[in-house]
Structure formats: C-alpha cells, structure tokens
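Novice: Coordinates in run.pdb, PDB, N, CA, C and O atoms, are listed below.
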```pdb
MODEL        1
ATOM      1  N   MET A   1       7.926  -2.014  -9.435
ATOM      2  CA  MET A   1       8.511  -1.872  -8.125
ATOM      3  C   MET A   1       7.651  -2.571  -7.070
ATOM      4  O   MET A   1       8.167  -3.254  -6.207
ATOM      5  N   LYS A   2       6.306  -2.338  -7.130
ATOM      6  CA  LYS A   2       5.431  -2.971  -6.146
ATOM      7  C   LYS A   2       5.522  -4.492  -6.237
ATOM      8  O   LYS A   2       5.557  -5.175  -5.228
ATOM      9  N   LYS A   3       5.557  -4.995  -7.471
ATOM     10  CA  LYS A   3       5.609  -6.445  -7.656
ATOM     11  C   LYS A   3       6.888  -7.011  -7.056
ATOM     12  O   LYS A   3       6.879  -8.092  -6.464
ATOM     13  N   ASP A   4       7.987  -6.289  -7.183
ATOM     14  CA  ASP A   4       9.256  -6.744  -6.620
ATOM     15  C   ASP A   4       9.205  -6.818  -5.097
ATOM     16  O   ASP A   4       9.730  -7.758  -4.498
ATOM     17  N   ILE A   5       8.561  -5.847  -4.481
ATOM     18  CA  ILE A   5       8.461  -5.839  -3.019
ATOM     19  C   ILE A   5       7.681  -7.055  -2.532
ATOM     20  O   ILE A   5       8.074  -7.725  -1.579
ATOM     21  N   PHE A   6       6.585  -7.359  -3.199
ATOM     22  CA  PHE A   6       5.771  -8.488  -2.771
ATOM     23  C   PHE A   6       6.434  -9.823  -3.110
ATOM     24  O   PHE A   6       6.251 -10.803  -2.399
ATOM     25  N   THR A   7       7.234  -9.853  -4.156
ATOM     26  CA  THR A   7       8.016 -11.054  -4.447
ATOM     27  C   THR A   7       9.047 -11.279  -3.343
ATOM     28  O   THR A   7       9.250 -12.408  -2.888
ATOM     29  N   LEU A   8       9.688 -10.205  -2.906
ATOM     30  CA  LEU A   8      10.640 -10.319  -1.798
ATOM     31  C   LEU A   8       9.950 -10.739  -0.505
ATOM     32  O   LEU A   8      10.491 -11.548   0.265
ATOM     33  N   LEU A   9       8.757 -10.211  -0.244
ATOM     34  CA  LEU A   9       8.000 -10.606   0.936
ATOM     35  C   LEU A   9       7.659 -12.090   0.896
ATOM     36  O   LEU A   9       7.822 -12.807   1.885
ATOM     37  N   GLY A  10       7.222 -12.569  -0.253
ATOM     38  CA  GLY A  10       6.925 -13.995  -0.403
ATOM     39  C   GLY A  10       8.164 -14.849  -0.232
ATOM     40  O   GLY A  10       8.121 -15.911   0.393
ATOM     41  N   GLY A  11       9.287 -14.401  -0.770
ATOM     42  CA  GLY A  11      10.543 -15.134  -0.606
ATOM     43  C   GLY A  11      10.985 -15.186   0.842
ATOM     44  O   GLY A  11      11.468 -16.214   1.321
ATOM     45  N   PHE A  12      10.816 -14.073   1.546
ATOM     46  CA  PHE A  12      11.188 -14.046   2.961
ATOM     47  C   PHE A  12      10.327 -14.999   3.772
ATOM     48  O   PHE A  12      10.830 -15.766   4.599
ATOM     49  N   LEU A  13       9.020 -14.962   3.548
ATOM     50  CA  LEU A  13       8.136 -15.861   4.294
ATOM     51  C   LEU A  13       8.411 -17.325   3.955
ATOM     52  O   LEU A  13       8.351 -18.196   4.838
ATOM     53  N   THR A  14       8.739 -17.606   2.717
ATOM     54  CA  THR A  14       9.090 -18.978   2.336
ATOM     55  C   THR A  14      10.370 -19.408   3.024
ATOM     56  O   THR A  14      10.480 -20.558   3.486
ATOM     57  N   SER A  15      11.339 -18.511   3.115
ATOM     58  CA  SER A  15      12.582 -18.866   3.798
ATOM     59  C   SER A  15      12.346 -19.090   5.294
ATOM     60  O   SER A  15      12.956 -19.981   5.895
ATOM     61  N   VAL A  16      11.463 -18.307   5.902
ATOM     62  CA  VAL A  16      11.109 -18.533   7.308
ATOM     63  C   VAL A  16      10.438 -19.891   7.456
ATOM     64  O   VAL A  16      10.737 -20.647   8.391
ATOM     65  N   PHE A  17       9.556 -20.216   6.523
ATOM     66  CA  PHE A  17       8.876 -21.505   6.539
ATOM     67  C   PHE A  17       9.883 -22.658   6.447
ATOM     68  O   PHE A  17       9.819 -23.629   7.210
ATOM     69  N   LEU A  18      10.836 -22.539   5.546
ATOM     70  CA  LEU A  18      11.847 -23.589   5.393
ATOM     71  C   LEU A  18      12.766 -23.667   6.609
ATOM     72  O   LEU A  18      13.146 -24.755   7.046
ATOM     73  N   PHE A  19      13.139 -22.519   7.174
ATOM     74  CA  PHE A  19      13.978 -22.502   8.368
ATOM     75  C   PHE A  19      13.280 -23.183   9.535
ATOM     76  O   PHE A  19      13.881 -23.999  10.245
ATOM     77  N   LEU A  20      12.028 -22.844   9.753
ATOM     78  CA  LEU A  20      11.291 -23.469  10.846
ATOM     79  C   LEU A  20      11.152 -24.980  10.636
ATOM     80  O   LEU A  20      11.194 -25.752  11.595
ATOM     81  N   GLY A  21      11.033 -25.392   9.394
ATOM     82  CA  GLY A  21      10.961 -26.827   9.100
ATOM     83  C   GLY A  21      12.264 -27.545   9.406
ATOM     84  O   GLY A  21      12.253 -28.696   9.863
ATOM     85  N   THR A  22      13.390 -26.891   9.174
ATOM     86  CA  THR A  22      14.673 -27.544   9.431
ATOM     87  C   THR A  22      14.972 -27.676  10.911
ATOM     88  O   THR A  22      15.682 -28.594  11.326
ATOM     89  N   ILE A  23      14.433 -26.770  11.734
ATOM     90  CA  ILE A  23      14.695 -26.889  13.170
ATOM     91  C   ILE A  23      13.584 -27.655  13.897
ATOM     92  O   ILE A  23      13.605 -27.764  15.115
ATOM     93  N   GLY A  24      12.639 -28.180  13.128
ATOM     94  CA  GLY A  24      11.612 -29.035  13.703
ATOM     95  C   GLY A  24      10.378 -28.326  14.216
ATOM     96  O   GLY A  24       9.549 -28.932  14.891
ATOM     97  N   VAL A  25      10.236 -27.060  13.918
ATOM     98  CA  VAL A  25       9.047 -26.317  14.341
ATOM     99  C   VAL A  25       8.070 -26.308  13.171
ATOM    100  O   VAL A  25       8.438 -25.964  12.048
ATOM    101  N   SER A  26       6.853 -26.720  13.443
ATOM    102  CA  SER A  26       5.867 -26.702  12.360
ATOM    103  C   SER A  26       4.538 -26.179  12.883
ATOM    104  O   SER A  26       4.164 -26.409  14.028
ATOM    105  N   PHE A  27       3.887 -25.447  12.050
ATOM    106  CA  PHE A  27       2.555 -24.937  12.324
ATOM    107  C   PHE A  27       1.649 -25.452  11.219
ATOM    108  O   PHE A  27       2.020 -25.428  10.041
ATOM    109  N   ASP A  28       0.460 -25.862  11.582
ATOM    110  CA  ASP A  28      -0.461 -26.374  10.565
ATOM    111  C   ASP A  28      -0.908 -25.272   9.610
ATOM    112  O   ASP A  28      -1.122 -25.518   8.428
ATOM    113  N   TRP A  29      -1.045 -24.086  10.113
ATOM    114  CA  TRP A  29      -1.562 -22.992   9.305
ATOM    115  C   TRP A  29      -0.475 -22.293   8.482
ATOM    116  O   TRP A  29      -0.783 -21.530   7.573
ATOM    117  N   PHE A  30       0.800 -22.537   8.781
ATOM    118  CA  PHE A  30       1.891 -21.859   8.074
ATOM    119  C   PHE A  30       2.440 -22.786   7.007
ATOM    120  O   PHE A  30       3.319 -23.605   7.240
ATOM    121  N   ASN A  31       1.900 -22.669   5.797
ATOM    122  CA  ASN A  31       2.336 -23.494   4.676
ATOM    123  C   ASN A  31       2.410 -22.609   3.427
ATOM    124  O   ASN A  31       2.186 -21.407   3.484
ATOM    125  N   HIS A  32       2.721 -23.219   2.294
ATOM    126  CA  HIS A  32       2.889 -22.431   1.066
ATOM    127  C   HIS A  32       1.583 -21.752   0.641
ATOM    128  O   HIS A  32       1.607 -20.636   0.120
ATOM    129  N   THR A  33       0.469 -22.388   0.897
ATOM    130  CA  THR A  33      -0.811 -21.785   0.536
ATOM    131  C   THR A  33      -1.094 -20.540   1.378
ATOM    132  O   THR A  33      -1.539 -19.514   0.854
ATOM    133  N   SER A  34      -0.810 -20.615   2.681
ATOM    134  CA  SER A  34      -1.044 -19.449   3.536
ATOM    135  C   SER A  34      -0.067 -18.322   3.213
ATOM    136  O   SER A  34      -0.425 -17.147   3.296
ATOM    137  N   ILE A  35       1.154 -18.673   2.823
ATOM    138  CA  ILE A  35       2.134 -17.651   2.427
ATOM    139  C   ILE A  35       1.656 -16.933   1.169
ATOM    140  O   ILE A  35       1.682 -15.702   1.089
ATOM    141  N   ASP A  36       1.190 -17.701   0.178
ATOM    142  CA  ASP A  36       0.682 -17.087  -1.053
ATOM    143  C   ASP A  36      -0.532 -16.199  -0.765
ATOM    144  O   ASP A  36      -0.660 -15.110  -1.326
ATOM    145  N   ALA A  37      -1.405 -16.670   0.115
ATOM    146  CA  ALA A  37      -2.584 -15.874   0.461
ATOM    147  C   ALA A  37      -2.186 -14.589   1.178
ATOM    148  O   ALA A  37      -2.766 -13.527   0.921
ATOM    149  N   PHE A  38      -1.201 -14.671   2.073
ATOM    150  CA  PHE A  38      -0.750 -13.475   2.790
ATOM    151  C   PHE A  38      -0.120 -12.467   1.837
ATOM    152  O   PHE A  38      -0.377 -11.263   1.946
ATOM    153  N   VAL A  39       0.696 -12.931   0.904
ATOM    154  CA  VAL A  39       1.327 -12.027  -0.060
ATOM    155  C   VAL A  39       0.262 -11.371  -0.933
ATOM    156  O   VAL A  39       0.320 -10.166  -1.211
ATOM    157  N   PHE A  40      -0.731 -12.153  -1.357
ATOM    158  CA  PHE A  40      -1.823 -11.598  -2.168
ATOM    159  C   PHE A  40      -2.600 -10.547  -1.376
ATOM    160  O   PHE A  40      -2.926  -9.480  -1.892
ATOM    161  N   MET A  41      -2.872 -10.828  -0.105
ATOM    162  CA  MET A  41      -3.595  -9.887   0.740
ATOM    163  C   MET A  41      -2.775  -8.613   0.955
ATOM    164  O   MET A  41      -3.311  -7.502   0.927
ATOM    165  N   ALA A  42      -1.471  -8.742   1.163
ATOM    166  CA  ALA A  42      -0.613  -7.574   1.351
ATOM    167  C   ALA A  42      -0.578  -6.716   0.084
ATOM    168  O   ALA A  42      -0.612  -5.480   0.162
ATOM    169  N   ALA A  43      -0.520  -7.353  -1.068
ATOM    170  CA  ALA A  43      -0.533  -6.612  -2.331
ATOM    171  C   ALA A  43      -1.857  -5.886  -2.524
ATOM    172  O   ALA A  43      -1.886  -4.721  -2.952
ATOM    173  N   ALA A  44      -2.956  -6.545  -2.195
ATOM    174  CA  ALA A  44      -4.268  -5.913  -2.326
ATOM    175  C   ALA A  44      -4.404  -4.749  -1.347
ATOM    176  O   ALA A  44      -4.938  -3.687  -1.699
ATOM    177  N   ALA A  45      -3.910  -4.914  -0.126
ATOM    178  CA  ALA A  45      -3.986  -3.842   0.867
ATOM    179  C   ALA A  45      -3.137  -2.643   0.439
ATOM    180  O   ALA A  45      -3.564  -1.488   0.582
ATOM    181  N   ALA A  46      -1.955  -2.906  -0.083
ATOM    182  CA  ALA A  46      -1.095  -1.807  -0.544
ATOM    183  C   ALA A  46      -1.741  -1.076  -1.715
ATOM    184  O   ALA A  46      -1.698   0.159  -1.786
ATOM    185  N   SER A  47      -2.343  -1.814  -2.625
ATOM    186  CA  SER A  47      -3.029  -1.182  -3.755
ATOM    187  C   SER A  47      -4.203  -0.333  -3.275
ATOM    188  O   SER A  47      -4.426   0.769  -3.785
ATOM    189  N   LEU A  48      -4.940  -0.841  -2.302
ATOM    190  CA  LEU A  48      -6.058  -0.076  -1.751
ATOM    191  C   LEU A  48      -5.574   1.217  -1.111
ATOM    192  O   LEU A  48      -6.143   2.290  -1.346
ATOM    193  N   VAL A  49      -4.516   1.132  -0.320
ATOM    194  CA  VAL A  49      -3.988   2.328   0.343
ATOM    195  C   VAL A  49      -3.503   3.345  -0.685
ATOM    196  O   VAL A  49      -3.784   4.545  -0.566
ATOM    197  N   LEU A  50      -2.786   2.892  -1.700
ATOM    198  CA  LEU A  50      -2.297   3.814  -2.725
ATOM    199  C   LEU A  50      -3.443   4.454  -3.495
ATOM    200  O   LEU A  50      -3.398   5.652  -3.814
ATOM    201  N   ASN A  51      -4.475   3.682  -3.800
ATOM    202  CA  ASN A  51      -5.617   4.236  -4.525
ATOM    203  C   ASN A  51      -6.401   5.229  -3.676
ATOM    204  O   ASN A  51      -6.841   6.262  -4.181
ATOM    205  N   VAL A  52      -6.586   4.928  -2.396
ATOM    206  CA  VAL A  52      -7.284   5.868  -1.518
ATOM    207  C   VAL A  52      -6.487   7.160  -1.400
ATOM    208  O   VAL A  52      -7.049   8.260  -1.455
ATOM    209  N   TYR A  53      -5.173   7.065  -1.281
ATOM    210  CA  TYR A  53      -4.332   8.260  -1.210
ATOM    211  C   TYR A  53      -4.427   9.065  -2.512
ATOM    212  O   TYR A  53      -4.523  10.298  -2.482
ATOM    213  N   ALA A  54      -4.410   8.384  -3.647
ATOM    214  CA  ALA A  54      -4.487   9.087  -4.931
ATOM    215  C   ALA A  54      -5.826   9.801  -5.084
ATOM    216  O   ALA A  54      -5.874  10.945  -5.552
ATOM    217  N   VAL A  55      -6.908   9.159  -4.681
ATOM    218  CA  VAL A  55      -8.222   9.795  -4.763
ATOM    219  C   VAL A  55      -8.272  10.997  -3.838
ATOM    220  O   VAL A  55      -8.757  12.074  -4.215
ATOM    221  N   TRP A  56      -7.781  10.845  -2.620
ATOM    222  CA  TRP A  56      -7.775  11.964  -1.667
ATOM    223  C   TRP A  56      -6.952  13.129  -2.214
ATOM    224  O   TRP A  56      -7.382  14.280  -2.164
ATOM    225  N   LYS A  57      -5.772  12.814  -2.726
ATOM    226  CA  LYS A  57      -4.895  13.874  -3.227
ATOM    227  C   LYS A  57      -5.515  14.569  -4.428
ATOM    228  O   LYS A  57      -5.469  15.790  -4.532
ATOM    229  N   ASN A  58      -6.107  13.795  -5.322
ATOM    230  CA  ASN A  58      -6.673  14.383  -6.535
ATOM    231  C   ASN A  58      -7.939  15.184  -6.259
ATOM    232  O   ASN A  58      -8.265  16.079  -7.024
ATOM    233  N   THR A  59      -8.662  14.876  -5.210
ATOM    234  CA  THR A  59      -9.877  15.631  -4.934
ATOM    235  C   THR A  59      -9.627  16.733  -3.907
ATOM    236  O   THR A  59      -9.865  17.899  -4.181
ATOM    237  N   HIS A  60      -9.147  16.382  -2.749
ATOM    238  CA  HIS A  60      -9.003  17.344  -1.662
ATOM    239  C   HIS A  60      -7.919  18.378  -1.956
ATOM    240  O   HIS A  60      -8.154  19.582  -1.853
ATOM    241  N   VAL A  61      -6.752  17.935  -2.327
ATOM    242  CA  VAL A  61      -5.630  18.856  -2.544
ATOM    243  C   VAL A  61      -5.884  19.717  -3.771
ATOM    244  O   VAL A  61      -5.647  20.936  -3.744
ATOM    245  N   ARG A  62      -6.385  19.125  -4.836
ATOM    246  CA  ARG A  62      -6.648  19.903  -6.051
ATOM    247  C   ARG A  62      -7.729  20.950  -5.793
ATOM    248  O   ARG A  62      -7.617  22.087  -6.249
ATOM    249  N   ASP A  63      -8.771  20.576  -5.063
ATOM    250  CA  ASP A  63      -9.821  21.545  -4.745
ATOM    251  C   ASP A  63      -9.287  22.692  -3.891
ATOM    252  O   ASP A  63      -9.659  23.840  -4.079
ATOM    253  N   ARG A  64      -8.427  22.379  -2.951
ATOM    254  CA  ARG A  64      -7.845  23.424  -2.109
ATOM    255  C   ARG A  64      -6.966  24.365  -2.949
ATOM    256  O   ARG A  64      -6.981  25.576  -2.755
ATOM    257  N   LEU A  65      -6.201  23.802  -3.895
ATOM    258  CA  LEU A  65      -5.368  24.649  -4.760
ATOM    259  C   LEU A  65      -6.231  25.538  -5.649
ATOM    260  O   LEU A  65      -5.913  26.716  -5.850
ATOM    261  N   LYS A  66      -7.316  24.975  -6.171
ATOM    262  CA  LYS A  66      -8.220  25.783  -6.992
ATOM    263  C   LYS A  66      -8.848  26.900  -6.168
ATOM    264  O   LYS A  66      -8.969  28.030  -6.642
ATOM    265  N   GLU A  67      -9.246  26.585  -4.952
ATOM    266  CA  GLU A  67      -9.851  27.585  -4.077
ATOM    267  C   GLU A  67      -8.873  28.719  -3.782
ATOM    268  O   GLU A  67      -9.231  29.893  -3.851
ATOM    269  N   ASN A  68      -7.627  28.370  -3.492
ATOM    270  CA  ASN A  68      -6.615  29.401  -3.233
ATOM    271  C   ASN A  68      -6.340  30.244  -4.472
ATOM    272  O   ASN A  68      -6.154  31.457  -4.379
ATOM    273  N   ALA A  69      -6.312  29.604  -5.634
ATOM    274  CA  ALA A  69      -6.073  30.344  -6.873
ATOM    275  C   ALA A  69      -7.217  31.299  -7.157
ATOM    276  O   ALA A  69      -6.999  32.441  -7.583
ATOM    277  N   LEU A  70      -8.471  30.847  -6.919
ATOM    278  CA  LEU A  70      -9.611  31.735  -7.125
ATOM    279  C   LEU A  70      -9.593  32.903  -6.163
ATOM    280  O   LEU A  70      -9.942  34.032  -6.532
ATOM    281  N   LYS A  71      -9.208  32.643  -4.915
ATOM    282  CA  LYS A  71      -9.120  33.742  -3.956
ATOM    283  C   LYS A  71      -8.085  34.769  -4.388
ATOM    284  O   LYS A  71      -8.309  35.975  -4.269
ATOM    285  N   LYS A  72      -6.957  34.316  -4.891
ATOM    286  CA  LYS A  72      -5.921  35.247  -5.359
ATOM    287  C   LYS A  72      -6.394  36.040  -6.558
ATOM    288  O   LYS A  72      -6.099  37.217  -6.683
ATOM    289  N   GLN A  73      -7.135  35.407  -7.462
ATOM    290  CA  GLN A  73      -7.652  36.113  -8.635
ATOM    291  C   GLN A  73      -8.665  37.155  -8.252
ATOM    292  O   GLN A  73      -8.707  38.244  -8.819
ATOM    293  N   MET A  74      -9.484  36.842  -7.272
ATOM    294  CA  MET A  74     -10.484  37.825  -6.818
ATOM    295  C   MET A  74      -9.797  39.020  -6.166
ATOM    296  O   MET A  74     -10.238  40.143  -6.313
ATOM    297  N   VAL A  75      -8.715  38.779  -5.453
ATOM    298  CA  VAL A  75      -7.969  39.873  -4.826
ATOM    299  C   VAL A  75      -7.325  40.727  -5.903
ATOM    300  O   VAL A  75      -7.305  41.956  -5.826
ATOM    301  N   MET A  76      -6.778  40.123  -6.932
ATOM    302  CA  MET A  76      -6.107  40.860  -7.983
ATOM    303  C   MET A  76      -7.085  41.667  -8.825
ATOM    304  O   MET A  76      -6.752  42.720  -9.341
ATOM    305  N   LYS A  77      -8.316  41.180  -9.004
ATOM    306  CA  LYS A  77      -9.290  41.890  -9.809
ATOM    307  C   LYS A  77      -9.762  43.175  -9.135
ATOM    308  O   LYS A  77     -10.144  44.120  -9.780
ATOM    309  N   LYS A  78      -9.742  43.236  -7.830
ATOM    310  CA  LYS A  78     -10.242  44.414  -7.108
ATOM    311  C   LYS A  78      -9.309  45.546  -7.169
ATOM    312  O   LYS A  78      -8.401  45.922  -7.491
TER     313      LYS A  78
ENDMDL
END
```
Please, can you express the file's structure as structure tokens?
Specialist:
Amino acid sequence: MKKDIFTLLGGFLTSVFLFLGTIGVSFDWFNHTSIDAFVFMAAAAASLVLNVYAVWKNTHVRDRLKENALKKQMVMKK
C-alpha cells in the first residue's frame, strides 16, 4: 500500500512536470531527478513516522496497560 501511494505521488509530480513543460514554464531544479529524490525523501519520512509511532505505541501504551492491569490485580488481591 505504501509503495502504491509513493508511486502515485511520483506520477503526479511527473505529470505536473510535463504539464509545465507544455505551457512553456520551466524550472532548473524541477526535473526527473528532483522528482525521484522528492519521492524517495517522502517515502523515507513516512517510514520514519510510522516507525516512531510503532515504537511509541509498543512502549508507552503497553507499559500503561501493564500498569493498569497490575493495579487491578493488587486491588483484587486485597
């Protein structure tokens, strides 16, 4: 799924690049190499965000659930 999103992003940027070329607008920095670099950077950023979220969820949320479960067990034992 992630790969499909970034493929669509690359296709969209390429179509913008081609559209701007047909109407005579050109930028030196906006070429196929910069589009590929932007798509690669977006994929890396999305992977970083997902990994940071997974680490946070697996540590913070799991610890909080364990803490609540231990508190309930201590209440039940009394």
Novice: Could you pull out the alpha helix (DSSP H) residues of chain A, going by DSSP on the backbone, and write them as a PyMOL selection string?
Specialist: chain A and resi 2-22+32-56+62-77
Novice: Written as a ChimeraX atom specification, which residues does the PyMOL selection byres ((chain A and resi 2-16) around 8) give for the file shown?
Specialist: /A:1,17-23,25,30-32,35-36,38-40,42-43
Novice: Give me, please, the distance in Å between atom N of A:Ala69 and atom O of A:Val55, quoted to one decimal.
Specialist: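 Value for the atom N of A:Ala69-atom O of A:Val55 distance: 17.8 Å.
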Novice: What does the structure give for the distance between atom CA of A:Ala46 and atom O of A:Phe27, in Å to one decimal?
Specialist: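 Going from atom CA of A:Ala46 over to atom O of A:Phe27 covers 26.1 Å.
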Novice: May I ask for the distance between atom C of A:Asn58 and atom CA of A:Leu70, given in Å to one decimal place?
Specialist: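 Computing it gives 16.7 Å between the two atoms.
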Novice: Hey, could you pull the box centre and edge lengths for stretch 67-74 of chain A, axis-aligned, 5 Å padding per side, all listed atoms, to one decimal in Å, as lines of an AutoDock Vina configuration file?
Specialist:
```
center_x = -8.2
center_y = 33.4
center_z = -6.0
size_x = 14.6
size_y = 23.6
size_z = 15.6
```
